[in-house]
Amino acid sequence: MRKVRVRLGARDSYDILIGAGAIGRLGEVARGALSPRARRVVVVSNARVFALYGARVVSALAASGFAVEPWLMGDGERHKTLRTAERALDFFARAGLQRTDAVVALGGGVVGDLAGFAAALHLRGVAFLQVPTTLLAQLDASVGGKTGVNTRAGKNLIGAFHQPRAVLIDTATLSTLAPRELTAGWCEAVKHGAVGGRRLFESTRAFLASRAVQRVARGARAVRRETGDARSVQSGEDGARVVAGSAGVGEDDALDALVAEHCAFKARVVAADERESAERAGPLSRRVLNFGHTVGHALEAVTGFRRFRHGEAVGRGMIVAAEISNRLGLLATSELQSLREAVALAGPLPRADDLDPDSILRAAAADKKAAGGQLHWVLLERIGRARVVPAGDIPAPVVRASLRAGLAPP
Ligand SMILES: NC(=O)c1ccc[n+]([C@@H]2O[C@H](COP(=O)([O-])OP(=O)(O)OC[C@H]3O[C@@H](n4cnc5c(N)ncnc54)[C@H](O)[C@@H]3O)[C@@H](O)[C@H]2O)c1
């Protein structure tokens with residue numbers, strides 16, 4: 001197994017362990033990471049993921065002497081709520097989860113955020129372990145300790161910083177993930193590279209290119225089926241290259257290495273800016289991870305959160321932000337092109353050229369990432385280097401032209 005350490009200060013750190021089949025080692029990892037007095041573990045998951053991996057998680061924990069109680073929440077973003085957290089907390093209390101016991105989150109980012117949040121609240125904080133099973137959660141959401149729920153006012157508006165004691169990434173779990181979930185995760189991977197460094201960008205792009213296969217129409221079909229729009233796929237169909245789903249992942253050292261590289265990047269960002277300070281905007285501030293999000297969130301909002309997976313919307317948002325950067329003379333045209341190519345390699349995205357630019361801009365202005373009420377854009381100076389710019393500094397015609405160019409079919 002590969003290991004990446006997240007350092008949070010002189011005394012505080014935790015490990016991310018990565019490898020195909022890693023779930024089999026969960027018991028020993030938990031024994032190493034938790035209090036010697038830990039006896040009971042609640043595994044928070046959903047029915048879909050638990051049916052696939054629950055038995056292995058439970059038996060690995062039981063083999064190391066833990067009393068294991070599963071608790072399943074609903075599947076999907078709409079279940080990431082205070083109500084669900086309250087139910088989880090009721091269950092923790094009924095199960096007799098003590099201060100030295102722990103919660104294990106088994107699932108994607110929804111389960112991880114909810115389980116971590118409930119763990120932060122139970123008895124004012126019990127330990128938790130992340131066992132992420134989506135690409136997005138493995139590369140990003142499971143690392144860094146941001147936990148929380150959605151409210152009527154918006155996504156992730158209530159939460160806590162609560163770091164896991166360990167993150168165990170079994171990359172073989174990606175073999176059962178739906179193609180669009182993989183595309184969404186790969187878009188976030190491209191984002192990490194775009195703001196994190198040319199090496200990370202290049203290794204991500206090279207991995208995606210090496211797994212690209214001629215006309216694997218699965219991803220494209222899935223977008224079409226799920227958005228109900230025959231014209232919805234703007235890239236990835238004709239002569240197109242789509243990253244293989246289950247064919248491309250499994251026991252796979254190159255994949256493990258790439259996931260480890262992404263986790264190391266996220267770990268560096270978290271170490272430099274654990275609590276996402278509003279004042280920080282440098283290359284290792286958490287704010288640069290919002291690259292693509294100004295338009296990404298707006299696209300999700302104007303389509304009623306039905307058309308795009310979050311990562312897919314970020315994919316389109318990154319291209320718009322790069323178009324702005326290019327028009328302002330910050331980013332070379334060849335760099336813009338590299339980014340476009342990397343996003344295309346991530347997989348087919350739902351269409352966005354039918355959406356009204358004014359509605360998108362209004363939705364962007366309402367976004368919660370607008371720190372202190374002011375909208376910001378994360379722009380690129382080059383691949384691997386981002387800059388946070390107040391929206392007021394960018395001429396409106398530049399934004400409009402970039403939206404048109406970024407949302408048009410390639
Ligand atoms: N905490 C953070 O730092 C952070 C960062 C990014 C995103 N997030 C959050 O993550 C959430 C999105 O996470 P996500 O993209 O993982 O979505 P998700 O958790 O909804 O998972 C996507 C779908 O895949 C299914 N699934 C999960 N693993 C599977 C597997 N191995 N095989 C088959 N199906 C599987 C899930 O049941 C779900 O239906 C959002 O709520 C977002 O706010 C948090």
# chains A, B, ... in the order shown; residues from 1 in each chain; ligands from 1
>>> closest_atom_pairs(of="chain A", to="ligand 1", cutoff="7 Å", atoms="only C-alpha atoms and all ligand atoms", output="Markdown table")
| residue | atom | partner | partner_atom_place_in_ligand_line | distance |
| --- | --- | --- | --- | --- |
| A:Asn46 | CA | ligand 1 | 37 (O) | 6.3 |
| A:Arg48 | CA | ligand 1 | 37 (O) | 5.4 |
| A:Val49 | CA | ligand 1 | 29 (C) | 5.5 |
| A:Asp75 | CA | ligand 1 | 37 (O) | 5.3 |
| A:Gly76 | CA | ligand 1 | 20 (O) | 4.6 |
| A:Glu77 | CA | ligand 1 | 41 (O) | 5.6 |
| A:Lys80 | CA | ligand 1 | 41 (O) | 6.9 |
| A:Gly107 | CA | ligand 1 | 27 (C) | 5.0 |
| A:Gly108 | CA | ligand 1 | 19 (O) | 3.2 |
| A:Gly109 | CA | ligand 1 | 13 (O) | 3.2 |
| A:Val110 | CA | ligand 1 | 19 (O) | 3.8 |
| A:Val111 | CA | ligand 1 | 19 (O) | 5.7 |
| A:Asp113 | CA | ligand 1 | 1 (N) | 5.5 |
| A:Thr133 | CA | ligand 1 | 28 (N) | 4.2 |
| A:Thr134 | CA | ligand 1 | 28 (N) | 4.5 |
| A:Leu135 | CA | ligand 1 | 16 (O) | 6.8 |
| A:Leu136 | CA | ligand 1 | 16 (O) | 5.2 |
| A:Ala137 | CA | ligand 1 | 16 (O) | 4.9 |
| A:Asp140 | CA | ligand 1 | 5 (C) | 5.5 |
| A:Ala141 | CA | ligand 1 | 5 (C) | 3.5 |
| A:Ser142 | CA | ligand 1 | 1 (N) | 6.2 |
| A:Val143 | CA | ligand 1 | 3 (O) | 6.5 |
| A:Gly144 | CA | ligand 1 | 3 (O) | 6.0 |
| A:Gly145 | CA | ligand 1 | 1 (N) | 6.5 |
| A:Lys146 | CA | ligand 1 | 1 (N) | 4.3 |
| A:Thr147 | CA | ligand 1 | 1 (N) | 5.2 |
| A:Lys155 | CA | ligand 1 | 43 (O) | 6.8 |
| A:Asn156 | CA | ligand 1 | 43 (O) | 6.2 |
| A:Thr173 | CA | ligand 1 | 31 (N) | 4.4 |
| A:Leu174 | CA | ligand 1 | 31 (N) | 5.0 |
| A:Ser175 | CA | ligand 1 | 31 (N) | 6.8 |
| A:Thr176 | CA | ligand 1 | 32 (N) | 4.1 |
| A:Leu177 | CA | ligand 1 | 32 (N) | 3.9 |
| A:Ala178 | CA | ligand 1 | 33 (C) | 6.3 |
| A:Glu181 | CA | ligand 1 | 22 (C) | 6.2 |
| A:Gly185 | CA | ligand 1 | 15 (O) | 7.0 |
>>> select_by_dssp(residues="range 109-190 of chain A", states="helix (DSSP H, G or I)", output="number ranges by chain")
A: 109-124, 135-141, 171-176, 179-190
>>> closest_residue(among="A:Arg39, A:Arg94, A:Arg268, A:Arg56", to="Val68 in chain A", atoms="only C-alpha atoms")
A:Arg39
>>> residues_around(residues="Gly32 in chain A", least_positions_apart="6", cutoff="10 Å", atoms="only C-alpha atoms", output="PyMOL selection string")
chain A and resi 26+165-166
>>> closest_residue(among="A:Ala396, A:Ala313, A:Leu200, A:Val302", to="Phe265 in chain A", atoms="only C-alpha atoms")
A:Leu200
>>> residues_around(residues="Val389 in chain A", least_positions_apart="3", cutoff="9 Å", atoms="only C-alpha atoms", output="PyMOL selection string")
chain A and resi 375-379+392-394
>>> write_last_selection(atoms="N, CA, C and O atoms", output="PDB file, in the first residue's frame")
ATOM      1  N   LEU A 375     -17.813  38.668  -5.221  1.00  0.00           N
ATOM      2  CA  LEU A 375     -17.551  37.509  -6.067  1.00  0.00           C
ATOM      3  C   LEU A 375     -16.090  37.499  -6.521  1.00  0.00           C
ATOM      4  O   LEU A 375     -15.542  38.534  -6.899  1.00  0.00           O
ATOM      5  N   HIS A 376     -15.487  36.326  -6.442  1.00  0.00           N
ATOM      6  CA  HIS A 376     -14.107  36.169  -6.906  1.00  0.00           C
ATOM      7  C   HIS A 376     -14.035  35.119  -8.002  1.00  0.00           C
ATOM      8  O   HIS A 376     -14.840  34.198  -8.041  1.00  0.00           O
ATOM      9  N   TRP A 377     -13.042  35.272  -8.873  1.00  0.00           N
ATOM     10  CA  TRP A 377     -12.744  34.238  -9.853  1.00  0.00           C
ATOM     11  C   TRP A 377     -11.372  33.675  -9.532  1.00  0.00           C
ATOM     12  O   TRP A 377     -10.463  34.435  -9.198  1.00  0.00           O
ATOM     13  N   VAL A 378     -11.258  32.367  -9.654  1.00  0.00           N
ATOM     14  CA  VAL A 378      -9.923  31.776  -9.598  1.00  0.00           C
ATOM     15  C   VAL A 378      -9.466  31.639 -11.049  1.00  0.00           C
ATOM     16  O   VAL A 378     -10.095  30.933 -11.837  1.00  0.00           O
ATOM     17  N   LEU A 379      -8.415  32.381 -11.392  1.00  0.00           N
ATOM     18  CA  LEU A 379      -7.910  32.381 -12.773  1.00  0.00           C
ATOM     19  C   LEU A 379      -6.564  31.652 -12.821  1.00  0.00           C
ATOM     20  O   LEU A 379      -5.977  31.338 -11.784  1.00  0.00           O
ATOM     21  N   GLY A 392     -14.954  42.236  -9.778  1.00  0.00           N
ATOM     22  CA  GLY A 392     -15.025  43.628 -10.219  1.00  0.00           C
ATOM     23  C   GLY A 392     -13.827  44.049 -11.063  1.00  0.00           C
ATOM     24  O   GLY A 392     -13.898  45.031 -11.802  1.00  0.00           O
ATOM     25  N   ASP A 393     -12.736  43.302 -10.969  1.00  0.00           N
ATOM     26  CA  ASP A 393     -11.536  43.648 -11.753  1.00  0.00           C
ATOM     27  C   ASP A 393     -11.599  43.133 -13.192  1.00  0.00           C
ATOM     28  O   ASP A 393     -10.685  43.376 -13.970  1.00  0.00           O
ATOM     29  N   ILE A 394     -12.639  42.374 -13.505  1.00  0.00           N
ATOM     30  CA  ILE A 394     -12.695  41.767 -14.850  1.00  0.00           C
ATOM     31  C   ILE A 394     -13.827  42.434 -15.643  1.00  0.00           C
ATOM     32  O   ILE A 394     -14.980  42.418 -15.207  1.00  0.00           O
TER      33      ILE A 394
END
>>> atom_distance(atom1="CA of Arg11 in chain A", atom2="CA of Gln163 in chain A")
13.6 Å
>>> atom_distance(atom1="CA of Gly406 in chain A", atom2="CA of Arg287 in chain A")
21.7 Å
>>> closest_atom_pairs(of="range 123-226 of chain A", to="range 303-312 of chain A", cutoff="6 Å", atoms="only C-alpha atoms", output="JSON lines")
{"residue": "A:Ala184", "atom": "CA", "partner": "A:Gly311", "partner_atom": "CA", "distance": 3.9}
{"residue": "A:Cys187", "atom": "CA", "partner": "A:Gly311", "partner_atom": "CA", "distance": 5.6}
{"residue": "A:Glu188", "atom": "CA", "partner": "A:Gly311", "partner_atom": "CA", "distance": 5.9}
